$ cat entry_21.txt   # compact mmCIF, C-alpha atoms
# COMPACT_ATOMS: atom_id res chain seq x y z
CA MET A 1464 66.15 110.63 101.48
CA THR A 1465 67.83 107.23 101.63
CA THR A 1466 66.13 104.64 103.78
CA GLU A 1467 67.68 102.06 106.08
CA THR A 1468 66.74 99.33 103.63
CA ALA A 1469 68.54 101.04 100.76
CA TYR A 1470 71.72 101.24 102.83
CA ARG A 1471 71.81 97.56 103.74
CA ALA A 1472 74.80 95.78 102.17
CA GLY A 1473 74.01 92.91 99.84
CA ALA A 1474 75.39 90.77 97.03
CA ALA A 1475 77.21 92.53 94.20
CA GLY A 1476 76.11 91.06 90.91
CA HIS A 1477 77.86 91.22 87.56
CA ALA A 1478 74.90 90.46 85.29
CA ASP A 1479 74.20 94.14 84.57
CA GLY A 1480 77.80 95.39 84.66
CA PRO A 1481 80.62 95.84 87.15
CA GLY A 1482 80.09 94.81 90.74
CA THR A 1483 79.91 97.38 93.53
CA TRP A 1484 81.76 97.10 96.83
CA ALA A 1485 82.75 98.92 100.00
CA VAL A 1486 86.36 98.76 101.23
CA LEU A 1487 87.19 99.75 104.80
CA LEU A 1488 90.56 101.43 105.32
CA PRO A 1489 92.71 100.47 108.31
CA PRO A 1490 93.22 103.59 110.51
CA GLU A 1491 96.94 103.89 109.72
CA ARG A 1492 96.27 103.58 105.99
CA TYR A 1493 93.61 106.28 106.13
CA GLU A 1494 96.09 108.66 107.76
CA ALA A 1495 98.69 107.88 105.09
CA GLU A 1496 96.17 108.53 102.31
CA ARG A 1497 95.41 111.94 103.82
CA LEU A 1498 99.08 112.90 104.03
CA VAL A 1499 100.48 111.73 100.66
CA HIS A 1500 98.76 111.72 97.28
CA HIS A 1501 98.34 108.30 95.67
CA ASP A 1502 96.77 107.39 92.34
CA THR A 1503 95.90 103.95 93.68
CA LEU A 1504 95.03 102.27 96.96
CA GLU A 1505 96.70 98.92 97.64
CA LEU A 1506 95.42 96.67 100.43
CA THR A 1507 96.95 93.30 101.27
CA GLY A 1508 95.99 90.21 103.24
CA LEU A 1509 92.55 89.80 101.68
CA THR A 1510 92.91 86.15 100.65
CA ASP A 1511 90.15 84.90 102.98
CA VAL A 1512 87.41 87.35 101.96
CA GLY A 1513 85.20 87.87 98.92
CA ARG A 1514 87.13 89.84 96.35
CA PRO A 1515 86.04 92.45 93.82
CA GLY A 1516 86.95 91.75 90.20
CA LEU A 1517 88.72 93.93 87.67
CA GLY A 1518 86.59 96.94 86.75
CA ASP A 1519 84.34 96.69 89.80
CA ARG A 1520 83.42 100.01 91.42
CA VAL A 1521 84.52 100.60 94.99
CA ALA A 1522 83.46 102.99 97.75
CA VAL A 1523 86.43 103.56 100.07
CA LEU A 1524 85.40 104.10 103.69
CA ALA A 1525 87.08 105.17 106.91
CA ASP A 1526 85.80 103.85 110.24
CA ALA A 1527 84.86 105.25 113.68
CA PRO A 1528 82.57 106.80 112.60
CA PRO A 1529 81.98 105.29 109.12
CA ARG A 1530 82.68 107.89 106.42
CA LEU A 1531 82.96 107.78 102.64
CA VAL A 1532 86.40 109.16 101.67
CA ALA A 1533 86.85 108.09 98.03
CA LEU A 1534 85.50 106.24 95.00
CA GLY A 1535 87.47 104.06 92.61
CA ARG A 1536 87.67 101.05 90.31
CA VAL A 1537 89.55 97.79 90.77
CA THR A 1538 92.64 97.56 88.57
CA ALA A 1539 95.46 95.06 88.12
CA PRO A 1540 98.35 95.31 90.61
CA SER A 1541 101.79 96.49 89.52
CA ARG A 1542 105.03 95.92 91.40
CA ARG A 1543 106.31 98.96 93.29
CA HIS A 1544 108.14 99.73 96.48
CA SER A 1545 108.61 102.77 98.70
CA GLU A 1546 110.71 103.22 101.81
CA ASP A 1547 108.83 106.35 102.95
CA PRO A 1548 106.92 105.50 106.18
CA ASP A 1549 104.30 108.11 105.29
CA ASP A 1550 103.80 106.53 101.85
CA PRO A 1551 103.50 102.82 102.71
CA GLN A 1552 103.09 101.34 99.27
CA SER A 1553 104.78 97.94 99.25
CA ASP A 1554 105.71 95.08 96.97
CA VAL A 1555 102.71 93.19 95.66
CA GLU A 1556 101.70 90.31 97.95
CA PRO A 1557 99.14 87.53 97.58
CA GLY A 1558 95.66 88.87 98.22
CA THR A 1559 96.53 92.41 97.11
CA LEU A 1560 93.55 94.54 96.10
CA VAL A 1561 94.35 97.58 93.94
CA VAL A 1562 91.80 100.39 93.59
CA THR A 1563 92.48 103.29 91.22
CA TYR A 1564 90.89 106.43 92.60
CA THR A 1565 88.25 108.19 90.52
CA ARG A 1566 87.10 110.65 93.21
CA ARG A 1567 88.66 111.66 96.54
CA ALA A 1568 87.02 113.28 99.58
CA PHE A 1569 89.67 112.78 102.27
CA ASP A 1570 89.42 116.43 103.33
CA GLU A 1571 85.61 116.40 103.57
CA PRO A 1572 84.48 112.80 104.23
CA VAL A 1573 80.77 112.01 103.97
CA PRO A 1574 78.90 110.11 106.74
CA THR A 1575 77.57 106.76 105.53
CA GLY A 1576 74.55 106.72 107.80
CA LEU A 1577 73.08 103.25 108.37
CA LEU A 1578 75.44 101.33 106.09
CA ALA A 1579 76.49 98.03 107.72
CA LEU A 1580 79.79 96.39 106.77
CA ASP A 1581 80.70 92.70 106.98
CA GLY A 1582 84.48 93.27 107.25
CA PRO A 1583 87.28 94.93 105.27
CA VAL A 1584 85.48 94.20 101.98
CA THR A 1585 81.69 94.20 101.67
CA ALA A 1586 79.55 93.64 98.58
CA LEU A 1587 77.03 96.42 97.96
CA GLU A 1588 73.84 96.59 96.01
CA PRO A 1589 74.28 98.95 93.01
CA ALA A 1590 71.56 101.25 94.39
CA THR A 1591 73.44 101.49 97.69
CA PHE A 1592 76.66 102.38 95.89
CA ARG A 1593 74.89 105.05 93.84
CA ALA A 1594 73.35 106.54 96.99
CA LEU A 1595 76.80 106.81 98.57
CA ALA A 1596 78.40 108.28 95.43
CA ASP A 1597 75.60 110.83 95.02
CA GLN A 1598 76.36 112.24 98.47
CA LEU A 1599 79.80 113.40 97.29
CA GLY A 1600 78.35 115.78 94.73
CA PRO A 1601 80.46 117.23 91.91
CA PRO A 1602 84.23 117.49 92.42
CA PRO A 1603 85.58 120.94 93.34
CA ALA A 1604 86.97 123.10 90.55
CA ARG A 1605 90.71 122.67 90.11
CA ARG A 1606 92.97 125.70 90.48
CA THR A 1607 96.67 126.44 90.83
CA TRP A 1608 98.15 126.51 94.34
CA LEU A 1609 101.61 127.55 95.49
CA VAL A 1610 103.04 125.15 98.06
CA SER A 1611 106.31 125.83 99.86
CA LEU A 1612 108.43 124.36 102.63
CA ASP A 1613 111.01 126.63 104.29
CA LEU A 1614 113.70 125.16 106.54
CA PRO A 1615 116.67 127.02 108.05
CA ILE A 1616 119.69 124.86 107.18
CA GLU A 1617 123.23 125.33 108.50
CA ALA A 1618 125.74 124.07 105.91
CA GLY A 1619 129.09 124.90 104.36
CA THR A 1620 127.87 125.06 100.75
CA PRO A 1621 124.58 125.47 98.88
CA ALA A 1622 124.79 121.88 97.62
CA GLU A 1623 125.25 120.57 101.16
CA ALA A 1624 122.30 122.67 102.33
CA VAL A 1625 120.10 121.13 99.64
CA ARG A 1626 121.18 117.61 100.61
CA LEU A 1627 120.41 118.33 104.28
CA PHE A 1628 117.07 119.82 103.28
CA TRP A 1629 115.98 116.63 101.53
CA SER A 1630 117.27 114.52 104.42
CA TYR A 1631 115.09 116.49 106.85
CA VAL A 1632 112.10 116.23 104.52
CA GLN A 1633 112.46 112.44 104.25
CA GLU A 1634 113.04 112.03 107.99
CA LEU A 1635 110.33 114.33 109.32
CA GLY A 1636 107.79 114.24 106.47
CA PRO A 1637 104.26 115.67 106.54
CA ARG A 1638 103.68 114.52 110.10
CA GLU A 1639 106.10 117.11 111.51
CA LEU A 1640 106.97 119.69 108.85
CA PRO A 1641 104.54 122.54 108.11
CA ALA A 1642 103.82 123.13 104.44
CA PHE A 1643 102.56 126.56 103.37
CA VAL A 1644 99.91 126.82 100.67
CA SER A 1645 98.16 129.74 98.99
CA PRO A 1646 96.13 130.27 95.83
CA ALA A 1647 98.32 131.42 92.95
CA GLY A 1648 98.25 135.20 92.90
CA ASP A 1649 96.95 135.53 96.48
CA GLU A 1650 99.92 134.89 98.75
CA LEU A 1651 98.24 136.83 101.59
CA ALA A 1652 95.80 133.91 101.90
CA MET A 1653 98.66 131.54 102.80
CA GLN A 1654 97.82 128.76 105.26
CA ALA A 1655 100.05 126.29 107.07
CA PHE A 1656 99.22 122.57 107.04
CA VAL A 1657 100.55 119.83 109.32
CA LEU A 1658 99.21 116.26 109.35
CA GLY A 1659 97.04 117.12 106.38
CA ALA A 1660 95.08 119.79 108.26
CA GLU A 1661 95.36 123.55 108.71
CA ALA A 1662 97.67 124.42 111.62
CA ASN A 1663 98.28 127.76 113.30
CA GLN A 1664 101.96 128.72 113.11
CA ASP A 1665 101.66 132.12 114.84
CA PRO A 1666 102.59 131.72 118.53
CA GLU A 1667 101.14 135.16 119.34
CA GLU A 1668 97.66 133.94 118.37
CA ASP A 1669 97.94 131.12 120.91
CA ASP A 1670 98.34 133.55 123.82
$ encode --input "entry_21.txt" --output "C-alpha cells"
Amino acid sequence: MTTETAYRAGAAGHADGPGTWAVLLPPERYEAERLVHHDTLELTGLTDVGRPGLGDRVAVLADAPPRLVALGRVTAPSRRHSEDPDDPQSDVEPGTLVVTYTRRAFDEPVPTGLLALDGPVTALEPATFRALADQLGPPPARRTWLVSLDLPIEAGTPAEAVRLFWSYVQELGPRELPAFVSPAGDELAMQAFVLGAEANQDPEEDD
C-alpha cells in the first residue's frame, strides 16, 4: 500500500539515471488523445516551467479527478502539422515538450490517490513514479479487431461516393460518427463507439 509520503512530488534527479516527471494534460488534449491514436504527445507553452530532459520518464495524467492515463519518455521534437481538429498536432513551437508513449491507459485510467502536482509539469521522486507505473499492471494482450464505418452516400458515381465519404469523415470525425468494432472472427460481438466510448445505436433499446 502506497503511503501519502511516497506520493508526494519531489525533485527529479539524474545522478542514478533518467529523471521522472508527471505531465498534466489540458482537458481538450485529453479528449483528443482518447479519440485519435498518437505515437507521441506534444505540449507547447512550457517555457516558464521546469523541463524534463531527453530520455526522462513521464507519467501522463488527466485532471478532475487526477488519473494516470499513460507512460512515456521524452524525445526530440520533429516538425509536423495536421489540419484535423480532432488530431491537434501542430508545428513545433518554443517550449514544446514531446513524450513518446510507452504505455497507454486512456480507456481505463488509474486514480493517482494523494499525488500533488505543482502545475502542468511536476518533478517526481523515482519511487513515486514506480508506484504510479506499477498500478497500470501488464498491458492487455493484443488481438485483431475489425473496425468499420458505414455511411449512406447519395452520388452519381462510385468515385464521387468515395470522395463524399472521406469529406464526411473529415468533417464529422470521431466526435459524431459511430465506428463499429468486433473481434476478428466474432462479428456478433460488434459494438458501436462514439467519442471513444461504447454507444448504443439501437433505438428500440432506448424505449
$ atom_distance --input "entry_21.txt" --atom1 "CA of Pro1601 in chain A" --atom2 "CA of Thr1575 in chain A"
17.4 Å
$ atom_distance --input "entry_21.txt" --atom1 "CA of Asp1570 in chain A" --atom2 "CA of Ala1533 in chain A"
10.2 Å
$ residues_around --input "entry_21.txt" --residues "Thr1565 in chain A" --least-positions-apart "4" --cutoff "10 Å" --atoms "all atoms listed in the file" --output "PyMOL selection string"
chain A and resi 1502-1503+1520-1521+1533-1536
$ residues_around --input "entry_21.txt" --residues "range 1654-1656 of chain A" --least-positions-apart "6" --cutoff "12 Å" --atoms "only C-alpha atoms" --output "list in words"
Arg1497, Leu1498, Trp1608, Leu1609, Val1610, Ser1611, Leu1612, Asp1613, Gly1636, Pro1637, Arg1638, Glu1639, Leu1640, Pro1641, Ala1642, Phe1643, Val1644, Ser1645, Pro1646, Ala1662, Asn1663, Gln1664 and Asp1665 of chain A
$ closest_residue --input "entry_21.txt" --among "A:Leu1580, A:Val1561, A:Leu1504, A:Ala1622" --to "Gly1516 in chain A" --atoms "all atoms listed in the file"
A:Val1561
$ closest_residue --input "entry_21.txt" --among "A:Ala1495, A:Leu1517, A:Leu1651, A:Leu1506" --to "Thr1559 in chain A" --atoms "only C-alpha atoms"
A:Leu1506
$ closest_residue --input "entry_21.txt" --among "A:Ala1579, A:Ala1596, A:Ala1586, A:Ala1522" --to "Tyr1564 in chain A" --atoms "all atoms listed in the file"
A:Ala1522
